[in-house]
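Participant: Have a look at this one.
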Amino acid sequence: MIPLVRVCCVGAVAVVATTVMAQPTSLLVGPFSHLAVGGMPVGWEQMRFPSITVETEYGLVLQNGRVVLEARSQVSASAALKRVSIDVERRPVIQWSWKTSPDCYAGDWGDPETDDFPLRLFVIFEPTGGMFSRLKRLGPGFQGDSIVYVPRSVPARTSDPTSHVNARIKVLPVEPVTAGGAGATDDDGWVHHRRDVRADYVALFGREADTVAGVAVMTDTDNSGTACVSHFGDISFSESAL
């Protein structure tokens with residue numbers, strides 16, 4: 001007869017193993033809904049830009065019973081950045097949600113005079129053959145390639161995905177999706193997105209992607225001289241689209 005203690009231990013190990021295997025494969029890099037209302041989320045920081053003196057204000061707020069990241073921009077520009085290390089071969093799919101007012105100004109990423117957008121999400125890649133530099137500015141301190149996702153509805157006047165800043169930054173307008181794959185927007189204005197960043201990188205840069213080293217969100221109004229308030233929901237990477 002097998003001792004009762006041994007049976008219990010084996011059973012406990014089996015339960016733990018099953019639980020681990022059943023855990024979701026997504027990795028939250030922006031777990032805003034799990035945090036308390038306050039300022040910038042822990043682990044996030046301001047990504048500043050050369051020659052810009054007024055920064056966009058970022059903070060966690062409660063909206064319709066859920067904590068989200070709010071961006072308040074008034075003739076300002078900066079991004080909220082989270083340093084990460086994501087293997088895109090293992091977790092190539094990024095998922096996020098955002099919302100803004102239709103009155104917010106949206107410009108042209110190819111024109112330095114009008115490059116303002118209410119909603120941007122940066123996926124920043126490790127520089128090829130080197131270590132990830134300290135991200136404090138988008139200019140000289142920004143060494144890796146980046147995909148910048150913006151809503152497809154923005155009235156951009158250029159079809160060239162290359163940012164006016166440099167060729168390492170490609171801009172990709174995206175359509176909203178739901179879990180079922182159809183385009184949709186929530187009743188309260190939230191728009192959901194899901195992208196395969198590995199596939200997008202290959203399409204935009206013509207080579208395989210390196211590790212994702214940073215994720216950032218941004219609302220800016222410095223060029224247009226306007227004001228805008230936007231909100232960002234949770235951001236995660238997963239093994240496959242759910």
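Within each chain, counting starts at residue 1; across the structure tokens, chains are named A, B, ... in the order shown, with ligands numbered 1 upward in that order.
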Give me the residues within 12 Å of stretch 99-101 of chain A as an NGL selection string, counting only C-alpha atoms and dropping any in the same chain fewer than 6 places off.
Facilitator: :A and (63 or 68-73 or 117-120 or 150-151 or 154 or 176 or 185-193 or 218-219 or 227-233)
Participant: Using DSSP secondary structure from the backbone, list all strand (DSSP E) positions within stretch 50-223 of chain A, as an MDAnalysis selection string.
Facilitator: chainID A and resid 57:63 66:74 79:86 93:100 120:125 146:151 169:174 191:196 212:218
Participant: Atom CA of A:Arg91 to atom CA of A:Leu60: how many Å, to one decimal?
Facilitator: 26.3 Å
Participant: Using only C-alpha atoms, find the one residue out of A:Thr158, A:Met47, A:Arg207, A:Ser26 that sits nearest to A:Asp115.
Facilitator: A:Thr158
Participant: Quick one: of A:Val202, A:Val123, A:Val84, A:Leu27, who's nearest to A:Trp44, counting only C-alpha atoms?
Facilitator: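 Between A:Val202, A:Val123, A:Val84, A:Leu27, the residue approaching A:Trp44 most closely is A:Val84.
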Participant: Which residue, A:Ser238, A:Thr114, A:Gln74, A:Ser146, has the smallest gap to A:Pro127 when you use only C-alpha atoms?
Facilitator: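 Among the listed residues, the smallest separation from A:Pro127 belongs to A:Ser146.
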Participant: In Å to one decimal, how far is atom CA of A:Ile124 from atom CA of A:Glu57?
Facilitator: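 Calculated distance between atom CA of A:Glu57 and atom CA of A:Ile124 is 21.2 Å.
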Participant: Under the rule that only C-alpha atoms are counted, which of A:Val148, A:Ile235, A:Lys170, A:Asp220 is the nearest residue to A:Gly206?
Facilitator: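 Closest candidate: A:Lys170.
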Participant: For A:Arg152, please output as number ranges by chain all residues within 7 Å (counting only C-alpha atoms; exclusion window: fewer than 4 positions along the same chain).
Facilitator: A: 173-175
Participant: Store the residues picked out above in a file with N, CA and C atoms, as a PDB file, in the first residue's frame.
Facilitator:
ATOM      1  N   PRO A 173      -0.436  52.546 -39.422  1.00  0.00           N
ATOM      2  CA  PRO A 173      -1.842  52.726 -39.033  1.00  0.00           C
ATOM      3  C   PRO A 173      -2.517  51.361 -38.903  1.00  0.00           C
ATOM      4  N   VAL A 174      -3.354  51.198 -37.871  1.00  0.00           N
ATOM      5  CA  VAL A 174      -3.955  49.893 -37.593  1.00  0.00           C
ATOM      6  C   VAL A 174      -5.464  50.000 -37.439  1.00  0.00           C
ATOM      7  N   GLU A 175      -6.124  48.895 -37.766  1.00  0.00           N
ATOM      8  CA  GLU A 175      -7.575  48.777 -37.627  1.00  0.00           C
ATOM      9  C   GLU A 175      -7.910  48.158 -36.278  1.00  0.00           C
TER      10      GLU A 175
END
Participant: Quick one: distance from atom CA of A:Arg90 to atom CA of A:Val215 in Å, one decimal?
Facilitator: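 A separation of 16.8 Å between them.
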Participant: Could you name the residues that touch A:Val212 at 6 Å or less, counting only C-alpha atoms, but leaving out those on the same chain fewer than 6 positions away, as a ChimeraX atom specification?
Facilitator: /A:85-86,124-126
